[in-house]
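Visitor: Got a structure for you, questions after.
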Amino acid sequence: MSLSMVVKAHCKINIGLRVVRRREDGYHELQTIMYPVRELYDVISVEAIEGSDVEFEGRGIVVDCPVEKNLVVRAARLMQQRYSTRGVRITLDKRVPFGAGLGGGSADATAVISAMNDIFALGIDRPTLASLAAELGSDTPFFVYDTPQYCTGRGEIMEPVDVDLRGKWLVVAKPQEGVSTAEAYSGVRPAVPESDLRELVAHPVDKWQESIVNDFEAHILESHPRIAQIKQSLLDAGAEYAAMSGSGSAVFGIFDQQPALNLSADTFIHIEQID
Ligand code: C5P
């Protein structure tokens with residue numbers, strides 16, 4: 001194995017998100033389906049270097065965060081502490097918007113953990129990679145498995161779920177404004193859902209709008225009318241299903257055909273056909 005790697009860390013959307021209860025540790029018990037977005041990703045290069053430094057260079061979208069707090073740097077430090085690896089130089093080309101509910105930072109952290117496992121031939125198995133990732137966030141372990149998962153606990157307990165969207169068109173759209181995780185959780189009212197998301201998602205996509213809910217939407221769409229507007233535009237353009245992803249502010253739409261969109265020029269837009 002060469003001592004450097006370039007990896008694509010692609011993001012996710014949440015198909016439904018129920019906030020079930022607040023836990024004593026301050027986290028919330030969730031029920032959600034995470035679905036990988038294959039063509040929207042950050043590009044990360046990880047290279048082994050002499051000594052024990054973690055060097056970081058950012059490109060692309062500028063992340064407003066001190067280097068030591070950047071999840072890729074924290075992921076590298078975690079691997080160094082646990083496995084006594086050498087230093088690494090990480091270049092992060094950021095393309096996935098943040099403050100979006102797309103898990104971009106989490107995907108990056110998990111990509112660095114996996115890349116260091118490969119570069120240093122550590123032989124760590126997937127469950128252990130997932131638990132290392134879980135030390136850095138709640139949706140990080142999802143990116144170890146990278147197929148549609150029904151996620152519970154704080155998001156880290158996963159079971160594979162069959163969501164077949166092949167051939168559909170996926171649009172991810174985000175206004176310039178972001179939503180912080182803190183804002184999303186502070187306005188939510190936890191409740192035990194009556195229906196099982198795994199059953200709802202087994203119905204045809206054009207039935208989802210009437211049954212699959214993101215519990216953050218009610219208050220976030222009210223305080224961020226621009227997000228509500230984008231969701232409505234996706235529905236107007238013929239989306240079979242449109243919803244906010246995670247804690248927002250990104251919204252996604254699933255279409256049967258390639259849509260003609262009418263969104264303002266300052267909206268981030270990603271379109272792909274799912275294969
Ligand atoms: O784990 P992560 O860093 O993604 O979470 C950021 C914050 O979001 C947590 O500190 C917590 O306040 C909130 N959170 C939560 N319940 C979850 C996941 C996150 O309350 N299941």
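Ordering of the structure tokens sets the chain letters (A, B, ...); residue numbers start at 1 within each chain; ligands are numbered from 1 in the order shown.
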If we count only C-alpha atoms, what is near stretch 191-193 of chain A at a cut-off of 7 Å, once residues fewer than 4 positions away on the same chain are taken out, given as a list in words?
Guide: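 The contact residues come out as Val19, Val20 and Arg21 of chain A.
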Visitor: May I have the residues within 7 Å of ligand 1, computed using only C-alpha atoms and all ligand atoms, as a ChimeraX atom specification?
Guide: /A:26-30,136-139,153-155,181-182,185
Visitor: Tell me which protein, DNA and RNA residues are within 6 Å of A:Val54, counting only C-alpha atoms, leaving out same-chain ones fewer than 5 positions away, and put them as number ranges by chain.
Guide: A: 87-89
Visitor: So that I can check the surroundings of A:Ile119, please list as a list in words every protein, DNA and RNA residue that reaches within 12 Å of it, counting only C-alpha atoms and ignoring chain neighbours fewer than 5 positions away.
Guide: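 So, after excluding close chain neighbours, the residues are Met1, Ser2, Leu3, Ser4, Met5, Val6, Val7, Ser45, Val46, Glu47, Ala48, Ile49, Met79, Thr85, Arg86, Gly87, Val88, Ala111, Val112, Ile113, Ser114 and Ile124 of chain A.
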Visitor: Using the selection just defined, write its residues with N, CA and C atoms as a PDB file, in the first residue's frame.
Guide:
```
ATOM      1  N   MET A   1       0.864  -1.205   0.000  1.00  0.00           N
ATOM      2  CA  MET A   1       0.000   0.000   0.000  1.00  0.00           C
ATOM      3  C   MET A   1       0.889   1.240   0.000  1.00  0.00           C
ATOM      4  N   SER A   2       0.537   2.192  -0.866  1.00  0.00           N
ATOM      5  CA  SER A   2       1.347   3.403  -0.933  1.00  0.00           C
ATOM      6  C   SER A   2       1.085   4.244   0.322  1.00  0.00           C
ATOM      7  N   LEU A   3       1.972   5.180   0.600  1.00  0.00           N
ATOM      8  CA  LEU A   3       1.828   5.953   1.833  1.00  0.00           C
ATOM      9  C   LEU A   3       1.041   7.241   1.619  1.00  0.00           C
ATOM     10  N   SER A   4       0.280   7.276   0.548  1.00  0.00           N
ATOM     11  CA  SER A   4      -0.646   8.392   0.394  1.00  0.00           C
ATOM     12  C   SER A   4      -1.891   7.900  -0.349  1.00  0.00           C
ATOM     13  N   MET A   5      -2.972   8.606  -0.131  1.00  0.00           N
ATOM     14  CA  MET A   5      -4.243   8.239  -0.768  1.00  0.00           C
ATOM     15  C   MET A   5      -5.046   9.492  -1.065  1.00  0.00           C
ATOM     16  N   VAL A   6      -5.834   9.428  -2.128  1.00  0.00           N
ATOM     17  CA  VAL A   6      -6.812  10.482  -2.380  1.00  0.00           C
ATOM     18  C   VAL A   6      -8.182   9.815  -2.347  1.00  0.00           C
ATOM     19  N   VAL A   7      -9.067  10.319  -1.503  1.00  0.00           N
ATOM     20  CA  VAL A   7     -10.388   9.683  -1.371  1.00  0.00           C
ATOM     21  C   VAL A   7     -11.501  10.711  -1.564  1.00  0.00           C
ATOM     22  N   SER A  45      -6.921  14.347   0.424  1.00  0.00           N
ATOM     23  CA  SER A  45      -5.666  13.630   0.206  1.00  0.00           C
ATOM     24  C   SER A  45      -4.989  13.455   1.567  1.00  0.00           C
ATOM     25  N   VAL A  46      -4.560  12.239   1.845  1.00  0.00           N
ATOM     26  CA  VAL A  46      -3.881  11.929   3.111  1.00  0.00           C
ATOM     27  C   VAL A  46      -2.529  11.313   2.769  1.00  0.00           C
ATOM     28  N   GLU A  47      -1.481  11.876   3.342  1.00  0.00           N
ATOM     29  CA  GLU A  47      -0.132  11.413   3.007  1.00  0.00           C
ATOM     30  C   GLU A  47       0.675  11.257   4.298  1.00  0.00           C
ATOM     31  N   ALA A  48       1.353  10.136   4.434  1.00  0.00           N
ATOM     32  CA  ALA A  48       2.191   9.922   5.623  1.00  0.00           C
ATOM     33  C   ALA A  48       3.417  10.818   5.525  1.00  0.00           C
ATOM     34  N   ILE A  49       3.809  11.424   6.655  1.00  0.00           N
ATOM     35  CA  ILE A  49       5.020  12.261   6.656  1.00  0.00           C
ATOM     36  C   ILE A  49       5.905  11.841   7.833  1.00  0.00           C
ATOM     37  N   MET A  79      -6.470   8.769  15.532  1.00  0.00           N
ATOM     38  CA  MET A  79      -5.776   7.579  15.021  1.00  0.00           C
ATOM     39  C   MET A  79      -4.341   7.525  15.538  1.00  0.00           C
ATOM     40  N   THR A  85       0.442   6.048  15.083  1.00  0.00           N
ATOM     41  CA  THR A  85       0.886   6.214  13.695  1.00  0.00           C
ATOM     42  C   THR A  85       1.755   7.457  13.576  1.00  0.00           C
ATOM     43  N   ARG A  86       2.466   7.538  12.455  1.00  0.00           N
ATOM     44  CA  ARG A  86       3.246   8.734  12.137  1.00  0.00           C
ATOM     45  C   ARG A  86       2.315   9.898  11.817  1.00  0.00           C
ATOM     46  N   GLY A  87       2.933  11.024  11.521  1.00  0.00           N
ATOM     47  CA  GLY A  87       2.147  12.195  11.146  1.00  0.00           C
ATOM     48  C   GLY A  87       1.559  12.063   9.751  1.00  0.00           C
ATOM     49  N   VAL A  88       0.636  12.942   9.446  1.00  0.00           N
ATOM     50  CA  VAL A  88       0.032  12.962   8.108  1.00  0.00           C
ATOM     51  C   VAL A  88      -0.133  14.400   7.634  1.00  0.00           C
ATOM     52  N   ALA A 111     -13.596   9.421   6.471  1.00  0.00           N
ATOM     53  CA  ALA A 111     -12.697   9.144   5.340  1.00  0.00           C
ATOM     54  C   ALA A 111     -11.240   9.157   5.808  1.00  0.00           C
ATOM     55  N   VAL A 112     -10.898  10.092   6.709  1.00  0.00           N
ATOM     56  CA  VAL A 112      -9.515  10.153   7.205  1.00  0.00           C
ATOM     57  C   VAL A 112      -9.199   8.917   8.059  1.00  0.00           C
ATOM     58  N   ILE A 113     -10.132   8.512   8.901  1.00  0.00           N
ATOM     59  CA  ILE A 113      -9.930   7.306   9.729  1.00  0.00           C
ATOM     60  C   ILE A 113      -9.687   6.093   8.817  1.00  0.00           C
ATOM     61  N   SER A 114     -10.528   5.940   7.795  1.00  0.00           N
ATOM     62  CA  SER A 114     -10.397   4.789   6.883  1.00  0.00           C
ATOM     63  C   SER A 114      -9.103   4.876   6.083  1.00  0.00           C
ATOM     64  N   ILE A 124      -7.786  -2.582  10.819  1.00  0.00           N
ATOM     65  CA  ILE A 124      -8.923  -2.379  11.741  1.00  0.00           C
ATOM     66  C   ILE A 124     -10.209  -2.815  11.041  1.00  0.00           C
TER      67      ILE A 124
END
```
Visitor: From stretch 31-265 of chain A, collect each residue whose DSSP state is helix (DSSP H, G or I) and return the set as a PDB file with N, CA and C atoms, in the first residue's frame.
Guide:
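Output saved as states.pdb:
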```pdb
ATOM      1  N   VAL A  67      -8.162  25.273  12.805  1.00  0.00           N
ATOM      2  CA  VAL A  67      -7.639  24.018  12.250  1.00  0.00           C
ATOM      3  C   VAL A  67      -7.745  22.863  13.239  1.00  0.00           C
ATOM      4  N   GLU A  68      -7.387  23.116  14.506  1.00  0.00           N
ATOM      5  CA  GLU A  68      -7.382  22.007  15.479  1.00  0.00           C
ATOM      6  C   GLU A  68      -8.780  21.442  15.729  1.00  0.00           C
ATOM      7  N   LYS A  69      -9.800  22.227  15.418  1.00  0.00           N
ATOM      8  CA  LYS A  69     -11.178  21.739  15.634  1.00  0.00           C
ATOM      9  C   LYS A  69     -11.740  21.075  14.394  1.00  0.00           C
ATOM     10  N   LEU A  71     -12.710  18.519  11.825  1.00  0.00           N
ATOM     11  CA  LEU A  71     -12.905  17.086  12.095  1.00  0.00           C
ATOM     12  C   LEU A  71     -11.847  16.205  11.445  1.00  0.00           C
ATOM     13  N   VAL A  72     -11.282  16.632  10.307  1.00  0.00           N
ATOM     14  CA  VAL A  72     -10.240  15.778   9.695  1.00  0.00           C
ATOM     15  C   VAL A  72      -8.986  15.769  10.562  1.00  0.00           C
ATOM     16  N   VAL A  73      -8.674  16.906  11.177  1.00  0.00           N
ATOM     17  CA  VAL A  73      -7.498  16.976  12.053  1.00  0.00           C
ATOM     18  C   VAL A  73      -7.765  16.164  13.321  1.00  0.00           C
ATOM     19  N   ARG A  74      -8.968  16.296  13.858  1.00  0.00           N
ATOM     20  CA  ARG A  74      -9.311  15.520  15.070  1.00  0.00           C
ATOM     21  C   ARG A  74      -9.297  14.020  14.777  1.00  0.00           C
ATOM     22  N   ALA A  75      -9.745  13.642  13.582  1.00  0.00           N
ATOM     23  CA  ALA A  75      -9.743  12.218  13.206  1.00  0.00           C
ATOM     24  C   ALA A  75      -8.303  11.704  13.134  1.00  0.00           C
ATOM     25  N   ALA A  76      -7.417  12.499  12.530  1.00  0.00           N
ATOM     26  CA  ALA A  76      -6.013  12.073  12.413  1.00  0.00           C
ATOM     27  C   ALA A  76      -5.373  11.957  13.793  1.00  0.00           C
ATOM     28  N   ARG A  77      -5.661  12.908  14.673  1.00  0.00           N
ATOM     29  CA  ARG A  77      -5.085  12.863  16.029  1.00  0.00           C
ATOM     30  C   ARG A  77      -5.604  11.640  16.792  1.00  0.00           C
ATOM     31  N   LEU A  78      -6.868  11.335  16.605  1.00  0.00           N
ATOM     32  CA  LEU A  78      -7.439  10.156  17.278  1.00  0.00           C
ATOM     33  C   LEU A  78      -6.705   8.889  16.830  1.00  0.00           C
ATOM     34  N   MET A  79      -6.470   8.769  15.532  1.00  0.00           N
ATOM     35  CA  MET A  79      -5.776   7.579  15.021  1.00  0.00           C
ATOM     36  C   MET A  79      -4.341   7.525  15.538  1.00  0.00           C
ATOM     37  N   GLN A  80      -3.697   8.678  15.626  1.00  0.00           N
ATOM     38  CA  GLN A  80      -2.322   8.711  16.144  1.00  0.00           C
ATOM     39  C   GLN A  80      -2.286   8.250  17.599  1.00  0.00           C
ATOM     40  N   GLN A  81      -3.256   8.754  18.382  1.00  0.00           N
ATOM     41  CA  GLN A  81      -3.283   8.385  19.809  1.00  0.00           C
ATOM     42  C   GLN A  81      -3.502   6.890  19.989  1.00  0.00           C
ATOM     43  N   ARG A  82      -4.459   6.344  19.230  1.00  0.00           N
ATOM     44  CA  ARG A  82      -4.822   4.935  19.436  1.00  0.00           C
ATOM     45  C   ARG A  82      -3.843   3.959  18.812  1.00  0.00           C
ATOM     46  N   TYR A  83      -3.258   4.344  17.669  1.00  0.00           N
ATOM     47  CA  TYR A  83      -2.458   3.361  16.915  1.00  0.00           C
ATOM     48  C   TYR A  83      -1.014   3.816  16.724  1.00  0.00           C
ATOM     49  N   GLY A 104     -21.293  16.526   5.776  1.00  0.00           N
ATOM     50  CA  GLY A 104     -20.006  16.678   5.077  1.00  0.00           C
ATOM     51  C   GLY A 104     -18.803  16.523   6.007  1.00  0.00           C
ATOM     52  N   GLY A 105     -18.813  17.211   7.134  1.00  0.00           N
ATOM     53  CA  GLY A 105     -17.702  17.134   8.085  1.00  0.00           C
ATOM     54  C   GLY A 105     -17.555  15.725   8.641  1.00  0.00           C
ATOM     55  N   SER A 106     -18.669  15.074   8.902  1.00  0.00           N
ATOM     56  CA  SER A 106     -18.640  13.699   9.416  1.00  0.00           C
ATOM     57  C   SER A 106     -18.061  12.751   8.379  1.00  0.00           C
ATOM     58  N   ALA A 107     -18.449  12.944   7.119  1.00  0.00           N
ATOM     59  CA  ALA A 107     -17.926  12.103   6.038  1.00  0.00           C
ATOM     60  C   ALA A 107     -16.411  12.273   5.945  1.00  0.00           C
ATOM     61  N   ASP A 108     -15.946  13.524   6.092  1.00  0.00           N
ATOM     62  CA  ASP A 108     -14.509  13.798   6.016  1.00  0.00           C
ATOM     63  C   ASP A 108     -13.760  13.068   7.137  1.00  0.00           C
ATOM     64  N   ALA A 109     -14.303  13.155   8.357  1.00  0.00           N
ATOM     65  CA  ALA A 109     -13.641  12.526   9.507  1.00  0.00           C
ATOM     66  C   ALA A 109     -13.512  11.021   9.282  1.00  0.00           C
ATOM     67  N   THR A 110     -14.600  10.407   8.838  1.00  0.00           N
ATOM     68  CA  THR A 110     -14.581   8.957   8.646  1.00  0.00           C
ATOM     69  C   THR A 110     -13.647   8.581   7.504  1.00  0.00           C
ATOM     70  N   ALA A 111     -13.596   9.421   6.471  1.00  0.00           N
ATOM     71  CA  ALA A 111     -12.697   9.144   5.340  1.00  0.00           C
ATOM     72  C   ALA A 111     -11.240   9.157   5.808  1.00  0.00           C
ATOM     73  N   VAL A 112     -10.898  10.092   6.709  1.00  0.00           N
ATOM     74  CA  VAL A 112      -9.515  10.153   7.205  1.00  0.00           C
ATOM     75  C   VAL A 112      -9.199   8.917   8.059  1.00  0.00           C
ATOM     76  N   ILE A 113     -10.132   8.512   8.901  1.00  0.00           N
ATOM     77  CA  ILE A 113      -9.930   7.306   9.729  1.00  0.00           C
ATOM     78  C   ILE A 113      -9.687   6.093   8.817  1.00  0.00           C
ATOM     79  N   SER A 114     -10.528   5.940   7.795  1.00  0.00           N
ATOM     80  CA  SER A 114     -10.397   4.789   6.883  1.00  0.00           C
ATOM     81  C   SER A 114      -9.103   4.876   6.083  1.00  0.00           C
ATOM     82  N   ALA A 115      -8.758   6.079   5.622  1.00  0.00           N
ATOM     83  CA  ALA A 115      -7.536   6.228   4.826  1.00  0.00           C
ATOM     84  C   ALA A 115      -6.310   5.900   5.670  1.00  0.00           C
ATOM     85  N   MET A 116      -6.288   6.339   6.924  1.00  0.00           N
ATOM     86  CA  MET A 116      -5.124   6.039   7.777  1.00  0.00           C
ATOM     87  C   MET A 116      -5.056   4.551   8.092  1.00  0.00           C
ATOM     88  N   ASN A 117      -6.221   3.918   8.208  1.00  0.00           N
ATOM     89  CA  ASN A 117      -6.247   2.462   8.391  1.00  0.00           C
ATOM     90  C   ASN A 117      -5.568   1.769   7.210  1.00  0.00           C
ATOM     91  N   ASP A 118      -5.842   2.254   5.995  1.00  0.00           N
ATOM     92  CA  ASP A 118      -5.253   1.648   4.797  1.00  0.00           C
ATOM     93  C   ASP A 118      -3.772   2.005   4.654  1.00  0.00           C
ATOM     94  N   ILE A 119      -3.473   3.301   4.780  1.00  0.00           N
ATOM     95  CA  ILE A 119      -2.089   3.754   4.555  1.00  0.00           C
ATOM     96  C   ILE A 119      -1.113   3.058   5.507  1.00  0.00           C
ATOM     97  N   ARG A 126     -14.418  -3.205  10.330  1.00  0.00           N
ATOM     98  CA  ARG A 126     -15.429  -2.149  10.150  1.00  0.00           C
ATOM     99  C   ARG A 126     -16.128  -1.735  11.447  1.00  0.00           C
ATOM    100  N   PRO A 127     -16.538  -2.706  12.305  1.00  0.00           N
ATOM    101  CA  PRO A 127     -17.184  -2.259  13.550  1.00  0.00           C
ATOM    102  C   PRO A 127     -16.268  -1.372  14.394  1.00  0.00           C
ATOM    103  N   THR A 128     -14.964  -1.679  14.404  1.00  0.00           N
ATOM    104  CA  THR A 128     -14.034  -0.849  15.188  1.00  0.00           C
ATOM    105  C   THR A 128     -13.857   0.518  14.540  1.00  0.00           C
ATOM    106  N   LEU A 129     -13.802   0.540  13.189  1.00  0.00           N
ATOM    107  CA  LEU A 129     -13.736   1.840  12.506  1.00  0.00           C
ATOM    108  C   LEU A 129     -14.964   2.671  12.851  1.00  0.00           C
ATOM    109  N   ALA A 130     -16.130   1.998  12.892  1.00  0.00           N
ATOM    110  CA  ALA A 130     -17.370   2.721  13.198  1.00  0.00           C
ATOM    111  C   ALA A 130     -17.336   3.260  14.617  1.00  0.00           C
ATOM    112  N   SER A 131     -16.785   2.497  15.569  1.00  0.00           N
ATOM    113  CA  SER A 131     -16.793   3.021  16.930  1.00  0.00           C
ATOM    114  C   SER A 131     -15.747   4.124  17.101  1.00  0.00           C
ATOM    115  N   LEU A 132     -14.647   4.057  16.364  1.00  0.00           N
ATOM    116  CA  LEU A 132     -13.699   5.186  16.373  1.00  0.00           C
ATOM    117  C   LEU A 132     -14.393   6.430  15.814  1.00  0.00           C
ATOM    118  N   ALA A 133     -15.093   6.252  14.693  1.00  0.00           N
ATOM    119  CA  ALA A 133     -15.796   7.376  14.062  1.00  0.00           C
ATOM    120  C   ALA A 133     -16.828   7.962  15.023  1.00  0.00           C
ATOM    121  N   ALA A 134     -17.478   7.096  15.800  1.00  0.00           N
ATOM    122  CA  ALA A 134     -18.535   7.554  16.713  1.00  0.00           C
ATOM    123  C   ALA A 134     -17.978   8.453  17.812  1.00  0.00           C
ATOM    124  N   PHE A 142     -21.991   6.097  10.028  1.00  0.00           N
ATOM    125  CA  PHE A 142     -22.724   5.767   8.799  1.00  0.00           C
ATOM    126  C   PHE A 142     -21.776   5.649   7.612  1.00  0.00           C
ATOM    127  N   PHE A 143     -20.783   6.532   7.569  1.00  0.00           N
ATOM    128  CA  PHE A 143     -19.911   6.600   6.391  1.00  0.00           C
ATOM    129  C   PHE A 143     -18.923   5.437   6.313  1.00  0.00           C
ATOM    130  N   VAL A 144     -18.855   4.640   7.374  1.00  0.00           N
ATOM    131  CA  VAL A 144     -18.045   3.420   7.303  1.00  0.00           C
ATOM    132  C   VAL A 144     -18.781   2.394   6.449  1.00  0.00           C
ATOM    133  N   TYR A 145     -20.102   2.358   6.562  1.00  0.00           N
ATOM    134  CA  TYR A 145     -20.895   1.328   5.863  1.00  0.00           C
ATOM    135  C   TYR A 145     -21.340   1.817   4.494  1.00  0.00           C
ATOM    136  N   THR A 181     -26.590  22.861  14.289  1.00  0.00           N
ATOM    137  CA  THR A 181     -27.216  21.709  14.953  1.00  0.00           C
ATOM    138  C   THR A 181     -27.904  22.175  16.240  1.00  0.00           C
ATOM    139  N   ALA A 182     -27.242  23.101  16.949  1.00  0.00           N
ATOM    140  CA  ALA A 182     -27.796  23.590  18.217  1.00  0.00           C
ATOM    141  C   ALA A 182     -29.165  24.232  17.988  1.00  0.00           C
ATOM    142  N   GLU A 183     -29.276  25.051  16.946  1.00  0.00           N
ATOM    143  CA  GLU A 183     -30.557  25.707  16.645  1.00  0.00           C
ATOM    144  C   GLU A 183     -31.625  24.656  16.341  1.00  0.00           C
ATOM    145  N   ALA A 184     -31.256  23.649  15.564  1.00  0.00           N
ATOM    146  CA  ALA A 184     -32.237  22.626  15.172  1.00  0.00           C
ATOM    147  C   ALA A 184     -32.772  21.886  16.399  1.00  0.00           C
ATOM    148  N   TYR A 185     -31.869  21.472  17.286  1.00  0.00           N
ATOM    149  CA  TYR A 185     -32.327  20.694  18.449  1.00  0.00           C
ATOM    150  C   TYR A 185     -33.068  21.566  19.454  1.00  0.00           C
ATOM    151  N   SER A 186     -32.700  22.851  19.548  1.00  0.00           N
ATOM    152  CA  SER A 186     -33.306  23.673  20.595  1.00  0.00           C
ATOM    153  C   SER A 186     -34.798  23.903  20.344  1.00  0.00           C
ATOM    154  N   LEU A 197     -40.608   4.057  10.384  1.00  0.00           N
ATOM    155  CA  LEU A 197     -40.016   4.637   9.181  1.00  0.00           C
ATOM    156  C   LEU A 197     -39.613   3.566   8.164  1.00  0.00           C
ATOM    157  N   ARG A 198     -39.177   2.414   8.662  1.00  0.00           N
ATOM    158  CA  ARG A 198     -38.765   1.328   7.748  1.00  0.00           C
ATOM    159  C   ARG A 198     -39.939   0.843   6.908  1.00  0.00           C
ATOM    160  N   GLU A 199     -41.139   0.892   7.519  1.00  0.00           N
ATOM    161  CA  GLU A 199     -42.331   0.476   6.751  1.00  0.00           C
ATOM    162  C   GLU A 199     -42.739   1.572   5.772  1.00  0.00           C
ATOM    163  N   LEU A 200     -42.670   2.819   6.216  1.00  0.00           N
ATOM    164  CA  LEU A 200     -43.094   3.930   5.350  1.00  0.00           C
ATOM    165  C   LEU A 200     -42.217   4.021   4.102  1.00  0.00           C
ATOM    166  N   VAL A 205     -42.172   5.956  -3.730  1.00  0.00           N
ATOM    167  CA  VAL A 205     -41.692   7.292  -3.348  1.00  0.00           C
ATOM    168  C   VAL A 205     -42.818   8.331  -3.405  1.00  0.00           C
ATOM    169  N   ASP A 206     -43.734   8.187  -4.356  1.00  0.00           N
ATOM    170  CA  ASP A 206     -44.784   9.218  -4.459  1.00  0.00           C
ATOM    171  C   ASP A 206     -45.816   9.132  -3.327  1.00  0.00           C
ATOM    172  N   LYS A 207     -45.635   8.186  -2.419  1.00  0.00           N
ATOM    173  CA  LYS A 207     -46.480   8.145  -1.210  1.00  0.00           C
ATOM    174  C   LYS A 207     -45.762   8.740   0.011  1.00  0.00           C
ATOM    175  N   TRP A 208     -44.476   9.016  -0.152  1.00  0.00           N
ATOM    176  CA  TRP A 208     -43.690   9.436   1.017  1.00  0.00           C
ATOM    177  C   TRP A 208     -44.127  10.791   1.578  1.00  0.00           C
ATOM    178  N   GLN A 209     -44.503  11.728   0.674  1.00  0.00           N
ATOM    179  CA  GLN A 209     -44.756  13.101   1.117  1.00  0.00           C
ATOM    180  C   GLN A 209     -45.829  13.153   2.210  1.00  0.00           C
ATOM    181  N   GLU A 210     -46.806  12.261   2.117  1.00  0.00           N
ATOM    182  CA  GLU A 210     -47.897  12.308   3.096  1.00  0.00           C
ATOM    183  C   GLU A 210     -47.561  11.569   4.400  1.00  0.00           C
ATOM    184  N   GLU A 217     -38.261  20.082  10.648  1.00  0.00           N
ATOM    185  CA  GLU A 217     -38.819  20.981   9.628  1.00  0.00           C
ATOM    186  C   GLU A 217     -39.803  21.995  10.198  1.00  0.00           C
ATOM    187  N   ALA A 218     -40.695  21.538  11.097  1.00  0.00           N
ATOM    188  CA  ALA A 218     -41.784  22.413  11.540  1.00  0.00           C
ATOM    189  C   ALA A 218     -41.232  23.765  11.999  1.00  0.00           C
ATOM    190  N   HIS A 219     -40.258  23.748  12.892  1.00  0.00           N
ATOM    191  CA  HIS A 219     -39.801  25.048  13.408  1.00  0.00           C
ATOM    192  C   HIS A 219     -38.745  25.695  12.526  1.00  0.00           C
ATOM    193  N   ILE A 220     -37.909  24.876  11.853  1.00  0.00           N
ATOM    194  CA  ILE A 220     -36.847  25.489  11.026  1.00  0.00           C
ATOM    195  C   ILE A 220     -37.458  26.178   9.790  1.00  0.00           C
ATOM    196  N   LEU A 221     -38.452  25.541   9.181  1.00  0.00           N
ATOM    197  CA  LEU A 221     -39.065  26.158   8.005  1.00  0.00           C
ATOM    198  C   LEU A 221     -39.813  27.442   8.382  1.00  0.00           C
ATOM    199  N   GLU A 222     -40.288  27.471   9.623  1.00  0.00           N
ATOM    200  CA  GLU A 222     -40.989  28.680  10.057  1.00  0.00           C
ATOM    201  C   GLU A 222     -40.001  29.828  10.278  1.00  0.00           C
ATOM    202  N   SER A 223     -38.847  29.505  10.889  1.00  0.00           N
ATOM    203  CA  SER A 223     -37.891  30.593  11.160  1.00  0.00           C
ATOM    204  C   SER A 223     -36.965  30.869   9.971  1.00  0.00           C
ATOM    205  N   PRO A 225     -37.794  31.102   6.212  1.00  0.00           N
ATOM    206  CA  PRO A 225     -38.736  31.004   5.082  1.00  0.00           C
ATOM    207  C   PRO A 225     -38.068  30.651   3.753  1.00  0.00           C
ATOM    208  N   ARG A 226     -36.806  31.004   3.626  1.00  0.00           N
ATOM    209  CA  ARG A 226     -36.080  30.702   2.378  1.00  0.00           C
ATOM    210  C   ARG A 226     -35.980  29.182   2.168  1.00  0.00           C
ATOM    211  N   ILE A 227     -35.821  28.441   3.254  1.00  0.00           N
ATOM    212  CA  ILE A 227     -35.722  26.973   3.137  1.00  0.00           C
ATOM    213  C   ILE A 227     -37.088  26.427   2.704  1.00  0.00           C
ATOM    214  N   ALA A 228     -38.139  26.950   3.313  1.00  0.00           N
ATOM    215  CA  ALA A 228     -39.494  26.517   2.957  1.00  0.00           C
ATOM    216  C   ALA A 228     -39.763  26.796   1.478  1.00  0.00           C
ATOM    217  N   GLN A 229     -39.283  27.964   1.030  1.00  0.00           N
ATOM    218  CA  GLN A 229     -39.470  28.362  -0.380  1.00  0.00           C
ATOM    219  C   GLN A 229     -38.787  27.362  -1.331  1.00  0.00           C
ATOM    220  N   ILE A 230     -37.568  26.972  -0.975  1.00  0.00           N
ATOM    221  CA  ILE A 230     -36.830  26.041  -1.838  1.00  0.00           C
ATOM    222  C   ILE A 230     -37.538  24.687  -1.861  1.00  0.00           C
ATOM    223  N   LYS A 231     -38.009  24.250  -0.712  1.00  0.00           N
ATOM    224  CA  LYS A 231     -38.737  22.970  -0.669  1.00  0.00           C
ATOM    225  C   LYS A 231     -39.965  23.050  -1.580  1.00  0.00           C
ATOM    226  N   GLN A 232     -40.681  24.157  -1.481  1.00  0.00           N
ATOM    227  CA  GLN A 232     -41.885  24.317  -2.316  1.00  0.00           C
ATOM    228  C   GLN A 232     -41.515  24.349  -3.797  1.00  0.00           C
ATOM    229  N   SER A 233     -40.390  24.997  -4.132  1.00  0.00           N
ATOM    230  CA  SER A 233     -39.961  25.040  -5.541  1.00  0.00           C
ATOM    231  C   SER A 233     -39.690  23.631  -6.063  1.00  0.00           C
ATOM    232  N   LEU A 234     -39.100  22.786  -5.234  1.00  0.00           N
ATOM    233  CA  LEU A 234     -38.810  21.410  -5.672  1.00  0.00           C
ATOM    234  C   LEU A 234     -40.122  20.658  -5.909  1.00  0.00           C
ATOM    235  N   LEU A 235     -41.081  20.852  -5.017  1.00  0.00           N
ATOM    236  CA  LEU A 235     -42.392  20.198  -5.203  1.00  0.00           C
ATOM    237  C   LEU A 235     -43.072  20.737  -6.465  1.00  0.00           C
ATOM    238  N   ASP A 236     -42.982  22.059  -6.671  1.00  0.00           N
ATOM    239  CA  ASP A 236     -43.591  22.668  -7.865  1.00  0.00           C
ATOM    240  C   ASP A 236     -42.939  22.143  -9.144  1.00  0.00           C
TER     241      ASP A 236
END
```
Visitor: Using only C-alpha atoms, what table do you get, as a tab-separated table, when you list each residue of stretch 219-260 of chain A with an atom no more than 9 Å from stretch 12-15 of chain A, its nearest pair of atoms, and their distance in Å rounded to one decimal, rows by chain then rising number?
Guide:
```
residue	atom	partner	partner_atom	distance
A:Ala243	CA	A:Ile15	CA	7.8
A:Met244	CA	A:Asn14	CA	7.9
A:Ser245	CA	A:Asn14	CA	5.0
A:Gly246	CA	A:Asn14	CA	5.5
A:Ala250	CA	A:Ile13	CA	8.9
A:Val251	CA	A:Ile13	CA	8.8
A:Phe252	CA	A:Ile13	CA	7.7
```
Visitor: As an exercise, work out the distance from atom CA of A:Glu156 to atom CA of A:Ser249 in Å and give it to one decimal place.
Guide: 21.6 Å
Visitor: Can you work out which one of A:Leu170, A:Gln273, A:His10, A:Arg22 has the shortest atom-to-atom distance to A:Asp93, counting only C-alpha atoms?
Guide: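 Checking each of A:Leu170, A:Gln273, A:His10, A:Arg22 against A:Asp93, counting only C-alpha atoms, the winner is A:His10.
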